[in-house]
$ cat input_0.cif   # mmCIF, C-alpha atoms
data_protein
#
loop_
_atom_site.label_atom_id
_atom_site.label_comp_id
_atom_site.auth_asym_id
_atom_site.auth_seq_id
_atom_site.Cartn_x
_atom_site.Cartn_y
_atom_site.Cartn_z
CA GLN D 709 18.03 137.23 117.97
CA ALA D 710 16.38 134.07 116.69
CA ASN D 711 15.42 131.31 119.08
CA LEU D 712 16.03 127.87 117.62
CA ALA D 713 14.68 124.51 118.73
CA GLU D 714 15.95 121.28 117.17
CA SER D 715 14.26 117.91 117.21
CA GLY D 716 14.40 114.60 115.42
CA GLY D 717 17.68 113.13 116.55
CA GLY D 718 18.03 109.54 117.59
CA SER D 719 19.81 106.28 116.97
CA VAL D 720 19.89 104.53 113.63
CA GLN D 721 21.85 101.79 111.95
CA VAL D 722 24.32 102.33 109.15
CA GLY D 723 22.51 103.11 105.93
CA GLY D 724 19.45 104.38 107.71
CA SER D 725 17.77 107.78 107.61
CA LEU D 726 16.82 110.50 110.05
CA SER D 727 15.14 113.86 109.63
CA LEU D 728 16.03 116.78 111.87
CA SER D 729 13.83 119.82 112.34
CA CYS D 730 14.66 123.32 113.54
CA VAL D 731 11.85 125.67 114.47
CA ALA D 732 12.78 129.35 114.56
CA SER D 733 11.09 132.10 116.52
CA GLY D 734 11.98 135.63 117.52
CA ASP D 735 13.88 137.66 114.92
CA THR D 736 13.32 135.46 111.90
CA TYR D 737 13.02 138.50 109.62
CA SER D 738 16.72 139.35 109.65
CA ARG D 739 18.12 135.86 110.23
CA ARG D 740 17.74 134.75 106.63
CA CYS D 741 20.58 132.27 106.81
CA MET D 742 19.99 129.03 108.64
CA GLY D 743 22.03 125.92 108.78
CA TRP D 744 23.29 122.88 110.57
CA PHE D 745 26.57 122.22 112.26
CA ARG D 746 27.67 119.09 114.07
CA GLN D 747 30.21 118.19 116.71
CA ALA D 748 31.43 114.74 117.54
CA PRO D 749 33.06 113.93 120.90
CA GLY D 750 36.64 115.16 120.97
CA LYS D 751 36.34 116.91 117.63
CA GLU D 752 35.80 120.47 116.50
CA ARG D 753 32.43 121.65 115.36
CA GLU D 754 32.00 121.35 111.62
CA ALA D 755 29.64 122.80 109.06
CA VAL D 756 27.07 120.56 107.44
CA ALA D 757 24.39 122.34 105.40
CA PHE D 758 22.97 125.83 104.92
CA ILE D 759 20.00 127.51 103.32
CA TYR D 760 19.21 131.09 102.35
CA LEU D 761 15.58 131.37 103.37
CA THR D 762 14.67 134.10 100.90
CA THR D 763 15.50 132.10 97.77
CA GLY D 764 15.90 128.54 99.06
CA SER D 765 19.48 128.42 97.81
CA THR D 766 21.46 125.73 99.62
CA TYR D 767 25.03 124.77 100.38
CA LEU D 768 26.21 121.41 101.64
CA VAL D 769 29.69 120.32 102.55
CA ASP D 770 31.28 117.64 100.41
CA SER D 771 31.05 114.90 103.03
CA VAL D 772 27.25 114.99 103.01
CA LYS D 773 26.48 115.90 99.39
CA GLY D 774 24.25 113.31 97.79
CA ARG D 775 23.16 112.00 101.20
CA PHE D 776 21.73 115.00 103.08
CA VAL D 777 19.13 117.50 101.97
CA ILE D 778 18.36 120.81 103.65
CA SER D 779 14.96 122.38 103.08
CA GLN D 780 12.48 124.78 104.64
CA ASP D 781 8.81 125.24 105.36
CA LYS D 782 8.29 128.99 105.37
CA ALA D 783 4.82 128.79 106.86
CA LYS D 784 6.17 126.89 109.85
CA ASN D 785 9.46 128.83 110.19
CA THR D 786 11.13 125.46 110.10
CA VAL D 787 14.29 124.16 108.46
CA TYR D 788 14.80 120.46 107.93
CA LEU D 789 17.84 118.27 107.46
CA GLN D 790 17.00 114.98 105.80
CA MET D 791 19.87 112.58 106.36
CA ASN D 792 20.07 109.42 104.25
CA SER D 793 22.64 106.67 103.90
CA LEU D 794 23.97 107.49 107.33
CA LYS D 795 27.47 106.44 108.30
CA PRO D 796 29.11 105.98 111.70
CA GLU D 797 31.12 109.14 111.07
CA ASP D 798 27.85 111.10 110.98
CA THR D 799 27.48 110.45 114.70
CA ALA D 800 27.49 113.81 116.45
CA MET D 801 25.47 116.44 118.23
CA TYR D 802 23.71 118.43 115.52
CA TYR D 803 23.09 122.12 116.07
CA CYS D 804 20.80 124.46 114.21
CA ALA D 805 22.12 127.97 113.70
CA ALA D 806 21.08 131.27 112.17
CA ARG D 807 22.56 134.62 111.20
CA ARG D 808 22.09 137.58 108.88
CA PRO D 809 23.21 137.00 105.30
CA LYS D 810 26.56 138.40 104.22
CA PHE D 811 26.45 139.91 100.74
CA GLY D 812 29.43 140.00 98.43
CA GLY D 813 30.87 136.53 98.86
CA ASN D 814 30.36 133.29 96.96
CA TYR D 815 27.39 132.29 99.04
CA LEU D 816 25.31 134.46 101.33
CA CYS D 817 24.98 131.81 104.00
CA SER D 818 28.38 130.14 104.01
CA PRO D 819 29.69 128.79 107.34
CA SER D 820 31.77 131.93 107.75
CA PRO D 821 31.28 134.56 109.11
CA ALA D 822 30.21 132.99 112.33
CA TYR D 823 26.61 132.12 112.96
CA THR D 824 25.16 134.12 115.82
CA ASP D 825 22.12 132.22 117.05
CA TRP D 826 22.19 128.60 118.16
CA GLY D 827 19.89 125.85 119.29
CA GLN D 828 20.59 123.40 122.09
CA GLY D 829 21.41 120.53 119.77
CA THR D 830 20.03 117.09 119.05
CA GLN D 831 22.04 113.89 119.18
CA VAL D 832 22.43 111.62 116.17
CA THR D 833 24.02 108.22 116.67
CA VAL D 834 24.75 105.84 113.81
CA SER D 835 25.74 102.32 114.74
CA SER D 836 27.09 99.49 112.64
#
$ encode --input "input_0.cif" --output "structure tokens"
Amino acid sequence: QANLAESGGGSVQVGGSLSLSCVASGDTYSRRCMGWFRQAPGKEREAVAFIYLTTGSTYLVDSVKGRFVISQDKAKNTVYLQMNSLKPEDTAMYYCAARRPKFGGNYLCSPSPAYTDWGQGTQVTVSS
């Protein structure tokens, strides 16, 4: 199991930027897929962005493409989510997650199958 700790959330105005960090510890050797999900009040959790740590290959959902960037610092076992041009609909609790890669599909680290390891979350609030 990987232990995940998010940081970097906060409040920002529309059009602003925030950078989230997720530090991984524990079983980082097998958990080569890491990503971000978010959940707004009263809504289901949704996928945001994912990265395959071995190659750096990334996947972002359409709603954040061109605005968010997911990246990693291997030396620090840290994954980042740079969020630009933030909108009110980006307001949510953001969760870092990890799992083993699944070979054979379109993308090793897609939102499905389910991610197994989760952080506690960090709140992002975008106000107009």
$ resolve_selection --input "input_0.cif" --expression "the PyMOL selection byres ((chain D and resi 734) around 8)" --output "JSON, numbers by chain"
{"D": [709, 710, 711, 732, 733, 735, 736]}
$ resolve_selection --input "input_0.cif" --expression "the PyMOL selection byres ((chain D and resi 741-756) around 8)" --output "PyMOL selection string"
chain D and resi 739-740+757-761+768-769+772+787+789+799-809+816-817+819
$ residues_around --input "input_0.cif" --residues "Arg775 of chain D" --least-positions-apart "2" --cutoff "12 Å" --atoms "only C-alpha atoms" --output "list in words"
Gly723, Gly724, Ser725, Leu726, Ser727, Val756, Ala757, Leu768, Val769, Asp770, Ser771, Val772, Lys773, Val777, Ile778, Leu789, Gln790, Met791, Asn792, Ser793, Leu794, Lys795 and Asp798 of chain D
$ atom_distance --input "input_0.cif" --atom1 "atom CA of Phe811 of chain D" --atom2 "atom CA of Asn785 of chain D"
22.4 Å
$ atom_distance --input "input_0.cif" --atom1 "atom CA of Leu712 of chain D" --atom2 "atom CA of Lys782 of chain D"
14.5 Å
$ closest_residue --input "input_0.cif" --among "D:Thr762, D:Ser719, D:Thr824, D:Glu714" --to "Tyr737 of chain D" --atoms "all atoms listed in the file"
D:Thr762
$ atom_distance --input "input_0.cif" --atom1 "atom CA of Gly764 of chain D" --atom2 "atom CA of Glu797 of chain D"
27.4 Å
$ residues_around --input "input_0.cif" --residues "Thr786 of chain D" --least-positions-apart "2" --cutoff "8 Å" --atoms "all atoms listed in the file" --output "PyMOL selection string"
chain D and resi 729-732+780-784+788
$ write_last_selection --input "input_0.cif" --atoms "C-alpha atoms" --output "tab-separated table (two decimals), in the frame of the given file"
chain	number	residue	atom	x	y	z
D	729	SER	CA	13.83	119.82	112.34
D	730	CYS	CA	14.66	123.32	113.54
D	731	VAL	CA	11.85	125.67	114.47
D	732	ALA	CA	12.78	129.35	114.56
D	780	GLN	CA	12.48	124.78	104.64
D	781	ASP	CA	8.81	125.24	105.36
D	782	LYS	CA	8.29	128.99	105.37
D	783	ALA	CA	4.82	128.79	106.86
D	784	LYS	CA	6.17	126.89	109.85
D	788	TYR	CA	14.80	120.46	107.93
$ residues_around --input "input_0.cif" --residues "Pro796 of chain D" --least-positions-apart "4" --cutoff "7 Å" --atoms "all atoms listed in the file" --output "count of residues only"
4
$ closest_residue --input "input_0.cif" --among "D:Val720, D:Ala822, D:Ala713, D:Leu728" --to "Phe776 of chain D" --atoms "only C-alpha atoms"
D:Leu728
$ axis_aligned_box --input "input_0.cif" --around "segment 769-779 of chain D" --padding-each-side "5 Å" --output "JSON"
{"center_x": 23.1, "center_y": 117.2, "center_z": 100.7, "size_x": 26.3, "size_y": 20.4, "size_z": 15.9}
